[in-house]
>>> print(open('target_15.pdb').read())   # PDB, C-alpha atoms and all ligand atoms
ATOM      1  CA  MET A 978      -7.981  66.760 -41.503  1.00  0.00           C
ATOM      2  CA  LEU A 979      -7.179  68.413 -44.853  1.00  0.00           C
ATOM      3  CA  ILE A 980      -8.754  67.250 -48.088  1.00  0.00           C
ATOM      4  CA  VAL A 981      -7.998  68.706 -51.506  1.00  0.00           C
ATOM      5  CA  ASN A 982     -10.577  67.586 -54.035  1.00  0.00           C
ATOM      6  CA  ASN A 983     -10.270  67.811 -57.800  1.00  0.00           C
ATOM      7  CA  LEU A 984      -8.270  71.047 -57.701  1.00  0.00           C
ATOM      8  CA  SER A 985      -6.975  72.710 -60.857  1.00  0.00           C
ATOM      9  CA  PHE A 986      -5.126  75.986 -61.268  1.00  0.00           C
ATOM     10  CA  SER A 987      -3.784  78.021 -64.198  1.00  0.00           C
ATOM     11  CA  TYR A 988      -1.312  80.889 -64.423  1.00  0.00           C
ATOM     12  CA  GLY A 989      -3.169  82.726 -67.179  1.00  0.00           C
ATOM     13  CA  GLU A 990      -3.268  80.329 -70.109  1.00  0.00           C
ATOM     14  CA  VAL A 991      -0.828  77.885 -68.596  1.00  0.00           C
ATOM     15  CA  GLN A 992      -2.380  75.108 -66.550  1.00  0.00           C
ATOM     16  CA  ALA A 993      -0.099  74.412 -63.589  1.00  0.00           C
ATOM     17  CA  LEU A 994      -2.282  71.998 -61.568  1.00  0.00           C
ATOM     18  CA  ARG A 995      -4.671  69.385 -62.921  1.00  0.00           C
ATOM     19  CA  ASN A 996      -7.255  67.405 -60.895  1.00  0.00           C
ATOM     20  CA  ILE A 997      -5.292  67.280 -57.666  1.00  0.00           C
ATOM     21  CA  ASN A 998      -6.678  65.024 -54.918  1.00  0.00           C
ATOM     22  CA  ILE A 999      -4.932  64.875 -51.560  1.00  0.00           C
ATOM     23  CA  ASP A1000      -5.958  63.616 -48.157  1.00  0.00           C
ATOM     24  CA  VAL A1001      -3.893  64.511 -45.101  1.00  0.00           C
ATOM     25  CA  PRO A1002      -5.072  62.504 -42.067  1.00  0.00           C
ATOM     26  CA  LYS A1003      -4.884  63.954 -38.575  1.00  0.00           C
ATOM     27  CA  GLU A1004      -1.548  63.598 -36.770  1.00  0.00           C
ATOM     28  CA  GLN A1005       0.381  62.354 -39.761  1.00  0.00           C
ATOM     29  CA  ILE A1006       3.306  63.792 -41.681  1.00  0.00           C
ATOM     30  CA  VAL A1007       2.493  63.651 -45.387  1.00  0.00           C
ATOM     31  CA  SER A1008       5.029  64.610 -48.050  1.00  0.00           C
ATOM     32  CA  ILE A1009       4.604  66.053 -51.525  1.00  0.00           C
ATOM     33  CA  MET A1010       7.514  65.114 -53.746  1.00  0.00           C
ATOM     34  CA  GLY A1011       8.498  65.774 -57.336  1.00  0.00           C
ATOM     35  CA  ARG A1012      11.158  67.455 -59.443  1.00  0.00           C
ATOM     36  CA  ASN A1013      11.545  71.221 -59.789  1.00  0.00           C
ATOM     37  CA  GLY A1014       8.771  72.976 -61.686  1.00  0.00           C
ATOM     38  CA  VAL A1015       6.099  70.263 -61.352  1.00  0.00           C
ATOM     39  CA  GLY A1016       3.732  72.490 -59.330  1.00  0.00           C
ATOM     40  CA  LYS A1017       4.462  71.722 -55.664  1.00  0.00           C
ATOM     41  CA  THR A1018       4.722  75.344 -54.526  1.00  0.00           C
ATOM     42  CA  THR A1019       1.722  76.322 -56.660  1.00  0.00           C
ATOM     43  CA  LEU A1020      -0.306  73.653 -54.857  1.00  0.00           C
ATOM     44  CA  MET A1021       0.793  74.885 -51.415  1.00  0.00           C
ATOM     45  CA  LYS A1022      -0.106  78.472 -52.367  1.00  0.00           C
ATOM     46  CA  ASN A1023      -3.583  77.294 -53.405  1.00  0.00           C
ATOM     47  CA  ILE A1024      -4.024  75.542 -50.076  1.00  0.00           C
ATOM     48  CA  VAL A1025      -2.928  78.536 -47.985  1.00  0.00           C
ATOM     49  CA  GLY A1026      -4.905  81.017 -50.100  1.00  0.00           C
ATOM     50  CA  LEU A1027      -2.175  82.938 -51.921  1.00  0.00           C
ATOM     51  CA  LEU A1028      -3.559  81.623 -55.224  1.00  0.00           C
ATOM     52  CA  LYS A1029      -7.176  80.871 -56.105  1.00  0.00           C
ATOM     53  CA  PRO A1030      -7.974  77.510 -57.735  1.00  0.00           C
ATOM     54  CA  SER A1031      -9.915  77.657 -61.002  1.00  0.00           C
ATOM     55  CA  ILE A1032     -11.886  74.617 -59.867  1.00  0.00           C
ATOM     56  CA  GLY A1033     -11.893  72.267 -56.884  1.00  0.00           C
ATOM     57  CA  THR A1034     -12.448  72.314 -53.138  1.00  0.00           C
ATOM     58  CA  ILE A1035     -10.213  72.457 -50.077  1.00  0.00           C
ATOM     59  CA  THR A1036     -11.654  71.167 -46.821  1.00  0.00           C
ATOM     60  CA  LEU A1037     -10.165  71.607 -43.356  1.00  0.00           C
ATOM     61  CA  GLU A1038     -11.943  69.579 -40.672  1.00  0.00           C
ATOM     62  CA  ASN A1039     -15.144  69.448 -42.743  1.00  0.00           C
ATOM     63  CA  GLN A1040     -15.152  73.190 -43.448  1.00  0.00           C
ATOM     64  CA  GLY A1041     -14.769  74.335 -47.057  1.00  0.00           C
ATOM     65  CA  ILE A1042     -11.983  76.942 -47.045  1.00  0.00           C
ATOM     66  CA  GLU A1043     -11.292  77.499 -50.754  1.00  0.00           C
ATOM     67  CA  LYS A1044     -13.245  80.764 -50.737  1.00  0.00           C
ATOM     68  CA  LEU A1045     -11.497  82.198 -47.673  1.00  0.00           C
ATOM     69  CA  PRO A1046      -8.718  84.762 -48.121  1.00  0.00           C
ATOM     70  CA  ALA A1047      -5.264  83.768 -46.836  1.00  0.00           C
ATOM     71  CA  HIS A1048      -5.486  85.652 -43.523  1.00  0.00           C
ATOM     72  CA  GLN A1049      -8.709  83.855 -42.630  1.00  0.00           C
ATOM     73  CA  ARG A1050      -7.217  80.497 -43.497  1.00  0.00           C
ATOM     74  CA  ILE A1051      -4.552  81.225 -40.880  1.00  0.00           C
ATOM     75  CA  ARG A1052      -7.366  81.899 -38.397  1.00  0.00           C
ATOM     76  CA  VAL A1053      -9.037  78.561 -39.094  1.00  0.00           C
ATOM     77  CA  GLY A1054      -5.777  76.725 -38.472  1.00  0.00           C
ATOM     78  CA  ILE A1055      -3.412  76.676 -41.446  1.00  0.00           C
ATOM     79  CA  GLY A1056       0.215  77.462 -40.613  1.00  0.00           C
ATOM     80  CA  TYR A1057       2.546  78.110 -43.537  1.00  0.00           C
ATOM     81  CA  VAL A1058       6.325  77.997 -43.853  1.00  0.00           C
ATOM     82  CA  PRO A1059       6.995  79.224 -47.404  1.00  0.00           C
ATOM     83  CA  GLN A1060       9.795  78.044 -49.663  1.00  0.00           C
ATOM     84  CA  GLY A1061      12.884  80.180 -49.064  1.00  0.00           C
ATOM     85  CA  ARG A1062      11.719  80.885 -45.487  1.00  0.00           C
ATOM     86  CA  MET A1063      10.763  84.541 -46.121  1.00  0.00           C
ATOM     87  CA  ILE A1064      11.854  85.870 -42.785  1.00  0.00           C
ATOM     88  CA  PHE A1065      12.433  89.617 -42.411  1.00  0.00           C
ATOM     89  CA  PRO A1066      16.221  90.181 -42.492  1.00  0.00           C
ATOM     90  CA  LYS A1067      16.100  93.657 -40.915  1.00  0.00           C
ATOM     91  CA  LEU A1068      13.851  92.644 -38.038  1.00  0.00           C
ATOM     92  CA  THR A1069      15.108  90.859 -34.937  1.00  0.00           C
ATOM     93  CA  VAL A1070      14.292  87.236 -34.210  1.00  0.00           C
ATOM     94  CA  ASN A1071      11.780  88.383 -31.621  1.00  0.00           C
ATOM     95  CA  GLU A1072      10.138  90.837 -34.042  1.00  0.00           C
ATOM     96  CA  ASN A1073       9.941  88.148 -36.722  1.00  0.00           C
ATOM     97  CA  LEU A1074       8.147  85.891 -34.257  1.00  0.00           C
ATOM     98  CA  ARG A1075       5.763  88.672 -33.249  1.00  0.00           C
ATOM     99  CA  ILE A1076       4.627  88.904 -36.892  1.00  0.00           C
ATOM    100  CA  GLY A1077       3.005  85.514 -36.255  1.00  0.00           C
ATOM    101  CA  LEU A1078       0.902  87.008 -33.455  1.00  0.00           C
ATOM    102  CA  PHE A1079      -1.159  88.871 -36.064  1.00  0.00           C
ATOM    103  CA  GLY A1080      -2.483  85.494 -37.167  1.00  0.00           C
ATOM    104  CA  ARG A1081      -3.320  84.314 -33.663  1.00  0.00           C
ATOM    105  CA  GLN A1082      -6.810  84.534 -32.217  1.00  0.00           C
ATOM    106  CA  ASN A1083      -6.016  86.339 -28.992  1.00  0.00           C
ATOM    107  CA  GLY A1084      -2.302  86.363 -28.399  1.00  0.00           C
ATOM    108  CA  LYS A1085      -0.101  89.144 -27.113  1.00  0.00           C
ATOM    109  CA  VAL A1086       2.988  87.171 -26.195  1.00  0.00           C
ATOM    110  CA  ILE A1087       5.012  84.430 -27.869  1.00  0.00           C
ATOM    111  CA  PRO A1088       4.118  81.220 -26.005  1.00  0.00           C
ATOM    112  CA  ASP A1089       7.055  79.759 -24.047  1.00  0.00           C
ATOM    113  CA  GLU A1090       6.335  76.281 -25.367  1.00  0.00           C
ATOM    114  CA  ILE A1091       7.282  77.413 -28.872  1.00  0.00           C
ATOM    115  CA  LEU A1092      10.549  78.968 -27.709  1.00  0.00           C
ATOM    116  CA  ASP A1093      11.284  75.796 -25.738  1.00  0.00           C
ATOM    117  CA  LEU A1094      11.280  73.866 -29.019  1.00  0.00           C
ATOM    118  CA  PHE A1095      13.923  76.179 -30.478  1.00  0.00           C
ATOM    119  CA  PRO A1096      16.501  77.089 -27.789  1.00  0.00           C
ATOM    120  CA  ILE A1097      18.691  78.736 -30.427  1.00  0.00           C
ATOM    121  CA  LEU A1098      16.002  81.348 -31.097  1.00  0.00           C
ATOM    122  CA  GLN A1099      15.808  82.213 -27.418  1.00  0.00           C
ATOM    123  CA  GLU A1100      19.552  82.638 -27.371  1.00  0.00           C
ATOM    124  CA  MET A1101      19.449  84.889 -30.430  1.00  0.00           C
ATOM    125  CA  HIS A1102      16.227  86.785 -29.799  1.00  0.00           C
ATOM    126  CA  ASN A1103      17.817  90.206 -30.391  1.00  0.00           C
ATOM    127  CA  ARG A1104      19.821  89.255 -33.490  1.00  0.00           C
ATOM    128  CA  MET A1105      18.713  90.424 -36.930  1.00  0.00           C
ATOM    129  CA  GLY A1106      16.937  87.690 -38.887  1.00  0.00           C
ATOM    130  CA  GLY A1107      19.322  88.252 -41.774  1.00  0.00           C
ATOM    131  CA  ASP A1108      22.331  87.472 -39.564  1.00  0.00           C
ATOM    132  CA  LEU A1109      21.151  83.939 -38.749  1.00  0.00           C
ATOM    133  CA  SER A1110      22.434  80.857 -40.574  1.00  0.00           C
ATOM    134  CA  GLY A1111      20.146  79.109 -43.066  1.00  0.00           C
ATOM    135  CA  GLY A1112      19.217  76.451 -40.531  1.00  0.00           C
ATOM    136  CA  GLN A1113      18.482  79.033 -37.840  1.00  0.00           C
ATOM    137  CA  GLN A1114      16.331  81.014 -40.265  1.00  0.00           C
ATOM    138  CA  GLN A1115      14.385  77.870 -41.081  1.00  0.00           C
ATOM    139  CA  GLN A1116      13.773  77.255 -37.385  1.00  0.00           C
ATOM    140  CA  LEU A1117      12.618  80.864 -37.082  1.00  0.00           C
ATOM    141  CA  ALA A1118      10.211  80.421 -40.011  1.00  0.00           C
ATOM    142  CA  ILE A1119       8.750  77.285 -38.418  1.00  0.00           C
ATOM    143  CA  ALA A1120       8.464  78.951 -35.006  1.00  0.00           C
ATOM    144  CA  ARG A1121       6.735  81.958 -36.580  1.00  0.00           C
ATOM    145  CA  ALA A1122       4.179  79.667 -38.230  1.00  0.00           C
ATOM    146  CA  LEU A1123       3.597  77.910 -34.891  1.00  0.00           C
ATOM    147  CA  VAL A1124       2.870  81.250 -33.227  1.00  0.00           C
ATOM    148  CA  THR A1125      -0.329  81.429 -35.313  1.00  0.00           C
ATOM    149  CA  ASP A1126      -1.473  78.307 -33.391  1.00  0.00           C
ATOM    150  CA  PRO A1127      -2.163  76.086 -36.436  1.00  0.00           C
ATOM    151  CA  LYS A1128      -3.922  72.727 -36.599  1.00  0.00           C
ATOM    152  CA  ILE A1129      -1.997  71.844 -39.724  1.00  0.00           C
ATOM    153  CA  LEU A1130       1.487  73.014 -40.581  1.00  0.00           C
ATOM    154  CA  ILE A1131       2.397  73.328 -44.259  1.00  0.00           C
ATOM    155  CA  LEU A1132       6.101  73.495 -45.074  1.00  0.00           C
ATOM    156  CA  ASP A1133       7.577  74.057 -48.542  1.00  0.00           C
ATOM    157  CA  GLU A1134      11.058  72.486 -48.836  1.00  0.00           C
ATOM    158  CA  PRO A1135      12.264  73.300 -45.321  1.00  0.00           C
ATOM    159  CA  THR A1136      15.478  71.310 -45.757  1.00  0.00           C
ATOM    160  CA  GLU A1137      16.563  73.129 -48.934  1.00  0.00           C
ATOM    161  CA  GLY A1138      20.154  74.326 -48.531  1.00  0.00           C
ATOM    162  CA  ILE A1139      20.470  73.287 -44.908  1.00  0.00           C
ATOM    163  CA  GLN A1140      23.181  71.264 -43.134  1.00  0.00           C
ATOM    164  CA  PRO A1141      22.392  67.594 -42.409  1.00  0.00           C
ATOM    165  CA  ASN A1142      22.455  67.927 -38.615  1.00  0.00           C
ATOM    166  CA  ILE A1143      19.909  70.757 -38.704  1.00  0.00           C
ATOM    167  CA  ILE A1144      17.760  68.769 -41.166  1.00  0.00           C
ATOM    168  CA  GLN A1145      17.690  65.973 -38.610  1.00  0.00           C
ATOM    169  CA  GLN A1146      16.704  68.439 -35.867  1.00  0.00           C
ATOM    170  CA  ILE A1147      13.870  69.796 -37.992  1.00  0.00           C
ATOM    171  CA  GLY A1148      12.560  66.278 -38.601  1.00  0.00           C
ATOM    172  CA  GLN A1149      12.661  65.572 -34.881  1.00  0.00           C
ATOM    173  CA  ILE A1150      10.842  68.798 -34.029  1.00  0.00           C
ATOM    174  CA  LEU A1151       8.087  68.013 -36.552  1.00  0.00           C
ATOM    175  CA  THR A1152       7.729  64.517 -35.124  1.00  0.00           C
ATOM    176  CA  GLU A1153       7.516  65.972 -31.619  1.00  0.00           C
ATOM    177  CA  LEU A1154       4.809  68.423 -32.736  1.00  0.00           C
ATOM    178  CA  VAL A1155       2.722  65.505 -33.974  1.00  0.00           C
ATOM    179  CA  LYS A1156       3.260  63.324 -30.920  1.00  0.00           C
ATOM    180  CA  GLN A1157       2.948  65.959 -28.212  1.00  0.00           C
ATOM    181  CA  ARG A1158       0.591  68.510 -29.749  1.00  0.00           C
ATOM    182  CA  ASN A1159      -1.493  66.475 -32.152  1.00  0.00           C
ATOM    183  CA  MET A1160      -0.212  68.525 -35.086  1.00  0.00           C
ATOM    184  CA  THR A1161      -0.857  67.454 -38.676  1.00  0.00           C
ATOM    185  CA  ILE A1162       1.866  68.207 -41.216  1.00  0.00           C
ATOM    186  CA  LEU A1163       2.001  68.544 -44.998  1.00  0.00           C
ATOM    187  CA  ILE A1164       5.529  68.997 -46.267  1.00  0.00           C
ATOM    188  CA  VAL A1165       7.020  69.538 -49.721  1.00  0.00           C
ATOM    189  CA  GLU A1166      10.270  67.607 -49.631  1.00  0.00           C
ATOM    190  CA  GLN A1167      12.779  66.478 -52.246  1.00  0.00           C
ATOM    191  CA  TYR A1168      15.182  64.900 -49.800  1.00  0.00           C
ATOM    192  CA  LEU A1169      14.385  61.173 -49.903  1.00  0.00           C
ATOM    193  CA  ASP A1170      16.089  60.242 -46.648  1.00  0.00           C
ATOM    194  CA  PHE A1171      13.981  62.808 -44.820  1.00  0.00           C
ATOM    195  CA  VAL A1172      10.762  61.435 -46.284  1.00  0.00           C
ATOM    196  CA  ARG A1173      11.759  57.863 -45.436  1.00  0.00           C
ATOM    197  CA  GLU A1174      12.660  58.756 -41.871  1.00  0.00           C
ATOM    198  CA  PHE A1175       9.932  61.206 -40.889  1.00  0.00           C
ATOM    199  CA  CYS A1176       6.912  60.947 -43.213  1.00  0.00           C
ATOM    200  CA  GLN A1177       4.190  58.298 -43.119  1.00  0.00           C
ATOM    201  CA  HIS A1178       2.600  58.917 -46.500  1.00  0.00           C
ATOM    202  CA  PHE A1179       3.807  60.457 -49.767  1.00  0.00           C
ATOM    203  CA  TYR A1180       2.394  61.962 -52.935  1.00  0.00           C
ATOM    204  CA  VAL A1181       4.467  62.418 -56.083  1.00  0.00           C
ATOM    205  CA  MET A1182       3.727  65.178 -58.585  1.00  0.00           C
ATOM    206  CA  ASN A1183       4.714  65.381 -62.220  1.00  0.00           C
ATOM    207  CA  ARG A1184       3.676  68.129 -64.645  1.00  0.00           C
ATOM    208  CA  GLY A1185       0.923  69.458 -62.426  1.00  0.00           C
ATOM    209  CA  GLU A1186      -0.598  66.078 -61.588  1.00  0.00           C
ATOM    210  CA  ILE A1187      -0.397  63.554 -58.771  1.00  0.00           C
ATOM    211  CA  VAL A1188       1.197  60.479 -60.333  1.00  0.00           C
ATOM    212  CA  ALA A1189       1.840  58.308 -57.269  1.00  0.00           C
ATOM    213  CA  ASN A1190       0.624  58.123 -53.688  1.00  0.00           C
ATOM    214  CA  ALA A1191       1.236  55.513 -50.990  1.00  0.00           C
ATOM    215  CA  GLU A1192       2.579  54.778 -47.538  1.00  0.00           C
ATOM    216  CA  THR A1193       6.218  55.801 -47.338  1.00  0.00           C
ATOM    217  CA  GLU A1194       7.360  52.194 -46.889  1.00  0.00           C
ATOM    218  CA  ASP A1195       6.015  51.605 -50.400  1.00  0.00           C
ATOM    219  CA  LEU A1196       8.150  54.316 -51.993  1.00  0.00           C
ATOM    220  CA  THR A1197       9.790  52.093 -54.602  1.00  0.00           C
ATOM    221  CA  GLN A1198      12.953  52.482 -56.663  1.00  0.00           C
ATOM    222  CA  GLU A1199      10.754  52.597 -59.792  1.00  0.00           C
ATOM    223  CA  ILE A1200       8.948  55.695 -58.525  1.00  0.00           C
ATOM    224  CA  VAL A1201      12.210  57.294 -57.468  1.00  0.00           C
ATOM    225  CA  LYS A1202      13.790  56.597 -60.855  1.00  0.00           C
ATOM    226  CA  GLU A1203      10.846  57.742 -62.932  1.00  0.00           C
ATOM    227  CA  TYR A1204       9.778  60.876 -61.067  1.00  0.00           C
ATOM    228  CA  LEU A1205      12.355  61.931 -58.500  1.00  0.00           C
ATOM    229  CA  SER A1206      15.961  61.344 -59.488  1.00  0.00           C
ATOM    230  CA  VAL A1207      17.619  64.089 -61.526  1.00  0.00           C
TER     231      VAL A1207
HETATM  232  N1  LIG B   1       3.940  83.383 -60.952  1.00  0.00           N
HETATM  233  C1  LIG B   1       3.996  82.496 -61.974  1.00  0.00           C
HETATM  234  N2  LIG B   1       3.533  82.811 -63.193  1.00  0.00           N
HETATM  235  C2  LIG B   1       3.570  81.921 -64.219  1.00  0.00           C
HETATM  236  N3  LIG B   1       4.050  80.673 -64.100  1.00  0.00           N
HETATM  237  C3  LIG B   1       4.534  80.292 -62.899  1.00  0.00           C
HETATM  238  C4  LIG B   1       4.533  81.179 -61.776  1.00  0.00           C
HETATM  239  N4  LIG B   1       5.078  80.524 -60.714  1.00  0.00           N
HETATM  240  C5  LIG B   1       5.392  79.298 -61.157  1.00  0.00           C
HETATM  241  N5  LIG B   1       5.069  79.156 -62.469  1.00  0.00           N
HETATM  242  C6  LIG B   1       5.243  77.938 -63.282  1.00  0.00           C
HETATM  243  O1  LIG B   1       4.413  76.916 -62.757  1.00  0.00           O
HETATM  244  C7  LIG B   1       5.083  75.672 -62.764  1.00  0.00           C
HETATM  245  C8  LIG B   1       5.140  75.094 -61.358  1.00  0.00           C
HETATM  246  O2  LIG B   1       5.962  75.907 -60.516  1.00  0.00           O
HETATM  247  P1  LIG B   1       6.151  75.622 -58.990  1.00  0.00           P
HETATM  248  O3  LIG B   1       4.819  75.427 -58.382  1.00  0.00           O
HETATM  249  O4  LIG B   1       7.009  76.690 -58.412  1.00  0.00           O
HETATM  250  O5  LIG B   1       6.933  74.234 -59.020  1.00  0.00           O
HETATM  251  P2  LIG B   1       7.785  73.477 -57.886  1.00  0.00           P
HETATM  252  O6  LIG B   1       7.474  74.100 -56.572  1.00  0.00           O
HETATM  253  O7  LIG B   1       7.348  72.052 -57.997  1.00  0.00           O
HETATM  254  O8  LIG B   1       9.233  73.630 -58.261  1.00  0.00           O
HETATM  255  C9  LIG B   1       6.455  75.926 -63.372  1.00  0.00           C
HETATM  256  O9  LIG B   1       6.401  75.618 -64.735  1.00  0.00           O
HETATM  257  C10 LIG B   1       6.662  77.400 -63.171  1.00  0.00           C
HETATM  258  O10 LIG B   1       7.472  77.944 -64.185  1.00  0.00           O
HETATM  259 MG    MG B   2       8.733  74.956 -55.115  1.00  0.00          MG
END
>>> encode(input="target_15.pdb", output="structure tokens")
Amino acid sequence: MLIVNNLSFSYGEVQALRNINIDVPKEQIVSIMGRNGVGKTTLMKNIVGLLKPSIGTITLENQGIEKLPAHQRIRVGIGYVPQGRMIFPKLTVNENLRIGLFGRQNGKVIPDEILDLFPILQEMHNRMGGDLSGGQQQQLAIARALVTDPKILILDEPTEGIQPNIIQQIGQILTELVKQRNMTILIVEQYLDFVREFCQHFYVMNRGEIVANAETEDLTQEIVKEYLSV
């Protein structure tokens, strides 16, 4: 579904990503793990088009997309939930969702099936985004990305700073999206239990490189100790 091939990126003189290779198969949930500052967010921004790789290709369903600007990548099917959620605090829930309609091919209304996934957003549709709890804001950010009608959903640390019961709900919603709507998901995640429960495959980054990659059942204590524990 999504293939990143030999991608490198530098912030000026500082190389932040080196020879990244990633393969996200259709209808799987694939995680990117690694400690703070190793380049996870930089990689996601390269994939969604907010940063331009210095070398390398990004392929979505056999189409090279690395030259497309971010808004066109949304059109070809990349949905993005950025780290920190980035919802608009002074807009209502409904208005925040409508922002997603700009990325949709021919949509004027928020599809009911998205609201059905997040009953809390329906309940709170006139509240200001900034008045929602962290978990509710995260659900709003995911719903907004779904409004763009993506083939692949890219989430950057969606469980960061969120209560365990909401984390569980988010994992279940992502699983449902895969099973019922054939979604493919790439997720930056530092929470091991989440990866073990909901992801099929993992990649580990360290200092701008992929240093491990396997099925989640093969996520060993050695890998955790060397690259993930703080
Ligand atoms: N806008 C920027 N300009 C320069 N360096 C940056 C910028 N953003 C991030 N970096 C650096 O790039 C590295 C990777 O950052 P980031 O991708 O945010 O890591 P992660 O998401 O894994 O915590 C870090 O060393 C960080 O300081
Ligand atoms: Mg990050």
>>> residues_near_ligand(input="target_15.pdb", ligand="ligand MG 2 (chain B)", cutoff="8 Å", atoms="all atoms listed in the file", output="PyMOL selection string")
chain A and resi 1013-1014+1016-1019+1060+1133-1134+1165
>>> write_last_selection(input="target_15.pdb", atoms="C-alpha atoms", output="compact mmCIF listing (two decimals), in the coordinates of the input")
# COMPACT_ATOMS: atom_id res chain seq x y z
CA ASN A 1013 11.54 71.22 -59.79
CA GLY A 1014 8.77 72.98 -61.69
CA GLY A 1016 3.73 72.49 -59.33
CA LYS A 1017 4.46 71.72 -55.66
CA THR A 1018 4.72 75.34 -54.53
CA THR A 1019 1.72 76.32 -56.66
CA GLN A 1060 9.80 78.04 -49.66
CA ASP A 1133 7.58 74.06 -48.54
CA GLU A 1134 11.06 72.49 -48.84
CA VAL A 1165 7.02 69.54 -49.72
>>> closest_residue(input="target_15.pdb", among="A:Asn1083, A:Thr1152, A:Gln1116, A:Asn1183", to="ligand LIG 1 (chain B)", atoms="all atoms listed in the file")
A:Asn1183
>>> atom_distance(input="target_15.pdb", atom1="CA of Ile1055 in chain A", atom2="CA of Ile1032 in chain A")
20.4 Å
>>> closest_residue(input="target_15.pdb", among="A:Ile1051, A:Val991, A:Ala1189, A:Val1015", to="ligand LIG 1 (chain B)", atoms="only C-alpha atoms and all ligand atoms")
A:Val1015
>>> axis_aligned_box(input="target_15.pdb", around="ligand LIG 1 (chain B)", padding_each_side="4 Å", output="lines of an AutoDock Vina configuration file")
center_x = 6.4
center_y = 77.7
center_z = -60.7
size_x = 13.7
size_y = 19.3
size_z = 16.2
>>> residues_near_ligand(input="target_15.pdb", ligand="ligand LIG 1 (chain B)", cutoff="12 Å", atoms="only C-alpha atoms and all ligand atoms", output="JSON list (two decimals) with C-alpha atoms, in the frame of the given file")
[["chain", "number", "residue", "atom", "x", "y", "z"],
["A", 986, "PHE", "CA", -5.13, 75.99, -61.27],
["A", 987, "SER", "CA", -3.78, 78.02, -64.20],
["A", 988, "TYR", "CA", -1.31, 80.89, -64.42],
["A", 989, "GLY", "CA", -3.17, 82.73, -67.18],
["A", 990, "GLU", "CA", -3.27, 80.33, -70.11],
["A", 991, "VAL", "CA", -0.83, 77.89, -68.60],
["A", 992, "GLN", "CA", -2.38, 75.11, -66.55],
["A", 993, "ALA", "CA", -0.10, 74.41, -63.59],
["A", 994, "LEU", "CA", -2.28, 72.00, -61.57],
["A", 995, "ARG", "CA", -4.67, 69.39, -62.92],
["A", 1009, "ILE", "CA", 4.60, 66.05, -51.52],
["A", 1010, "MET", "CA", 7.51, 65.11, -53.75],
["A", 1011, "GLY", "CA", 8.50, 65.77, -57.34],
["A", 1012, "ARG", "CA", 11.16, 67.46, -59.44],
["A", 1013, "ASN", "CA", 11.54, 71.22, -59.79],
["A", 1014, "GLY", "CA", 8.77, 72.98, -61.69],
["A", 1015, "VAL", "CA", 6.10, 70.26, -61.35],
["A", 1016, "GLY", "CA", 3.73, 72.49, -59.33],
["A", 1017, "LYS", "CA", 4.46, 71.72, -55.66],
["A", 1018, "THR", "CA", 4.72, 75.34, -54.53],
["A", 1019, "THR", "CA", 1.72, 76.32, -56.66],
["A", 1020, "LEU", "CA", -0.31, 73.65, -54.86],
["A", 1021, "MET", "CA", 0.79, 74.89, -51.42],
["A", 1022, "LYS", "CA", -0.11, 78.47, -52.37],
["A", 1023, "ASN", "CA", -3.58, 77.29, -53.40],
["A", 1027, "LEU", "CA", -2.17, 82.94, -51.92],
["A", 1028, "LEU", "CA", -3.56, 81.62, -55.22],
["A", 1059, "PRO", "CA", 7.00, 79.22, -47.40],
["A", 1060, "GLN", "CA", 9.80, 78.04, -49.66],
["A", 1061, "GLY", "CA", 12.88, 80.18, -49.06],
["A", 1132, "LEU", "CA", 6.10, 73.50, -45.07],
["A", 1133, "ASP", "CA", 7.58, 74.06, -48.54],
["A", 1134, "GLU", "CA", 11.06, 72.49, -48.84],
["A", 1137, "GLU", "CA", 16.56, 73.13, -48.93],
["A", 1164, "ILE", "CA", 5.53, 69.00, -46.27],
["A", 1165, "VAL", "CA", 7.02, 69.54, -49.72],
["A", 1166, "GLU", "CA", 10.27, 67.61, -49.63],
["A", 1167, "GLN", "CA", 12.78, 66.48, -52.25],
["A", 1181, "VAL", "CA", 4.47, 62.42, -56.08],
["A", 1182, "MET", "CA", 3.73, 65.18, -58.58],
["A", 1183, "ASN", "CA", 4.71, 65.38, -62.22],
["A", 1184, "ARG", "CA", 3.68, 68.13, -64.64],
["A", 1185, "GLY", "CA", 0.92, 69.46, -62.43],
["A", 1186, "GLU", "CA", -0.60, 66.08, -61.59],
["A", 1187, "ILE", "CA", -0.40, 63.55, -58.77],
["A", 1204, "TYR", "CA", 9.78, 60.88, -61.07],
["A", 1205, "LEU", "CA", 12.36, 61.93, -58.50]]
>>> resolve_selection(input="target_15.pdb", expression="the PyMOL selection byres (((chain A and resi 1097) around 12) and not hetatm)", output="mmCIF file with C-alpha atoms, in the frame of the given file")
data_model
loop_
_atom_site.group_PDB
_atom_site.id
_atom_site.type_symbol
_atom_site.label_atom_id
_atom_site.label_comp_id
_atom_site.auth_asym_id
_atom_site.auth_seq_id
_atom_site.Cartn_x
_atom_site.Cartn_y
_atom_site.Cartn_z
ATOM 1 C CA VAL A 1070 14.292 87.236 -34.210
ATOM 2 C CA ASN A 1071 11.780 88.383 -31.621
ATOM 3 C CA ILE A 1091 7.282 77.413 -28.872
ATOM 4 C CA LEU A 1092 10.549 78.968 -27.709
ATOM 5 C CA ASP A 1093 11.284 75.796 -25.738
ATOM 6 C CA LEU A 1094 11.280 73.866 -29.019
ATOM 7 C CA PHE A 1095 13.923 76.179 -30.478
ATOM 8 C CA PRO A 1096 16.501 77.089 -27.789
ATOM 9 C CA LEU A 1098 16.002 81.348 -31.097
ATOM 10 C CA GLN A 1099 15.808 82.213 -27.418
ATOM 11 C CA GLU A 1100 19.552 82.638 -27.371
ATOM 12 C CA MET A 1101 19.449 84.889 -30.430
ATOM 13 C CA HIS A 1102 16.227 86.785 -29.799
ATOM 14 C CA ASN A 1103 17.817 90.206 -30.391
ATOM 15 C CA ARG A 1104 19.821 89.255 -33.490
ATOM 16 C CA LEU A 1109 21.151 83.939 -38.749
ATOM 17 C CA SER A 1110 22.434 80.857 -40.574
ATOM 18 C CA GLY A 1112 19.217 76.451 -40.531
ATOM 19 C CA GLN A 1113 18.482 79.033 -37.840
ATOM 20 C CA GLN A 1114 16.331 81.014 -40.265
ATOM 21 C CA GLN A 1115 14.385 77.870 -41.081
ATOM 22 C CA GLN A 1116 13.773 77.255 -37.385
ATOM 23 C CA LEU A 1117 12.618 80.864 -37.082
ATOM 24 C CA ALA A 1120 8.464 78.951 -35.006
ATOM 25 C CA ILE A 1143 19.909 70.757 -38.704
ATOM 26 C CA GLN A 1146 16.704 68.439 -35.867
#
